[in-house]
Amino acid sequence: MSEVKIEPLGARVLVKPLEQEGKTASGLYLPETAKEKPQTGLVVAIGDDEEIKLKVNDKILFAKYTGTEFKVDGVDYLLMECNDILARLKN
């Protein structure tokens, strides 16, 4: 991944949403309109608040309708408060 041109401030985190699978467990393909908003993502950058307990490349679970969505160089991102992050996902 190339260097991101956005540096979050304070207790904010920059996240790249991870899209859900395009087909169901039984093999049916889902159209874009049937997919739910992503709730998992990859931490791309973190703010300068010492309370943030995440690192870049952590996979996270966040509240469904949170953050500010925007696009940079054709890539979707979410900028959110660290309080909106529910959990770190472990492999």
# chains A, B, ... in the order shown; residues from 1 in each chain; ligands from 1
>>> residues_around(residues="Asp49 of chain A", least_positions_apart="3", cutoff="8 Å", atoms="only C-alpha atoms", output="number ranges by chain")
A: 9-11, 52
>>> write_last_selection(atoms="N, CA and C atoms", output="mmCIF file, in the first residue's frame")
data_model
loop_
_atom_site.group_PDB
_atom_site.id
_atom_site.type_symbol
_atom_site.label_atom_id
_atom_site.label_comp_id
_atom_site.auth_asym_id
_atom_site.auth_seq_id
_atom_site.Cartn_x
_atom_site.Cartn_y
_atom_site.Cartn_z
ATOM 1 N N LEU A 9 -5.911 13.640 13.239
ATOM 2 C CA LEU A 9 -5.525 14.435 14.407
ATOM 3 C C LEU A 9 -6.281 13.958 15.637
ATOM 4 N N GLY A 10 -5.678 14.118 16.797
ATOM 5 C CA GLY A 10 -6.332 13.766 18.051
ATOM 6 C C GLY A 10 -6.625 12.286 18.149
ATOM 7 N N ALA A 11 -7.849 11.972 18.579
ATOM 8 C CA ALA A 11 -8.257 10.580 18.810
ATOM 9 C C ALA A 11 -8.983 10.011 17.595
ATOM 10 N N ILE A 52 -4.996 6.102 22.130
ATOM 11 C CA ILE A 52 -5.323 5.168 21.053
ATOM 12 C C ILE A 52 -4.507 3.893 21.232
#
>>> residues_around(residues="segment 79-84 of chain A", least_positions_apart="6", cutoff="12 Å", atoms="only C-alpha atoms", output="MDAnalysis selection string")
chainID A and resid 6:17 39:55 60:71
>>> write_last_selection(atoms="C-alpha atoms", output="short mmCIF file (atom, residue, chain, number, x, y, z; two decimals), in the first residue's frame")
data_model
loop_
_atom_site.label_atom_id
_atom_site.label_comp_id
_atom_site.auth_asym_id
_atom_site.auth_seq_id
_atom_site.Cartn_x
_atom_site.Cartn_y
_atom_site.Cartn_z
CA ILE A 6 -3.94 11.99 5.32
CA GLU A 7 -2.81 12.27 8.92
CA PRO A 8 -5.62 12.00 11.49
CA LEU A 9 -5.53 14.43 14.41
CA GLY A 10 -6.33 13.77 18.05
CA ALA A 11 -8.26 10.58 18.81
CA ARG A 12 -9.17 9.88 15.17
CA VAL A 13 -8.30 6.83 13.10
CA LEU A 14 -8.11 6.47 9.31
CA VAL A 15 -9.59 3.15 8.18
CA LYS A 16 -9.81 1.38 4.83
CA PRO A 17 -13.14 -0.48 4.90
CA GLN A 39 -18.22 -3.07 9.53
CA THR A 40 -14.64 -4.27 9.36
CA GLY A 41 -11.62 -2.38 8.21
CA LEU A 42 -7.87 -2.02 8.23
CA VAL A 43 -6.23 0.79 10.22
CA VAL A 44 -4.21 2.92 7.80
CA ALA A 45 -3.18 5.80 10.08
CA ILE A 46 -3.79 6.89 13.67
CA GLY A 47 -3.98 10.28 15.35
CA ASP A 48 -1.55 11.67 17.90
CA ASP A 49 -3.68 10.95 20.99
CA GLU A 50 -1.80 8.73 23.46
CA GLU A 51 -5.04 6.93 24.43
CA ILE A 52 -5.32 5.17 21.05
CA LYS A 53 -4.54 1.48 21.55
CA LEU A 54 -4.39 0.55 17.87
CA LYS A 55 -1.54 0.21 15.40
CA ILE A 60 -10.96 -3.75 13.40
CA LEU A 61 -14.70 -3.96 13.91
CA PHE A 62 -16.56 -0.64 14.01
CA ALA A 63 -20.10 0.64 14.45
CA LYS A 64 -22.18 0.32 11.28
CA TYR A 65 -22.96 3.95 10.42
CA THR A 66 -19.94 5.77 11.78
CA GLY A 67 -17.19 7.95 10.45
CA THR A 68 -16.81 10.27 7.52
CA GLU A 69 -16.53 8.52 4.15
CA PHE A 70 -14.30 9.93 1.42
CA LYS A 71 -12.15 8.85 -1.49
#
>>> atom_distance(atom1="atom CA of Arg88 of chain A", atom2="atom CA of Val56 of chain A")
11.6 Å
>>> closest_residue(among="A:Ile85, A:Glu3, A:Leu78, A:Val72", to="Leu18 of chain A", atoms="only C-alpha atoms")
A:Leu78
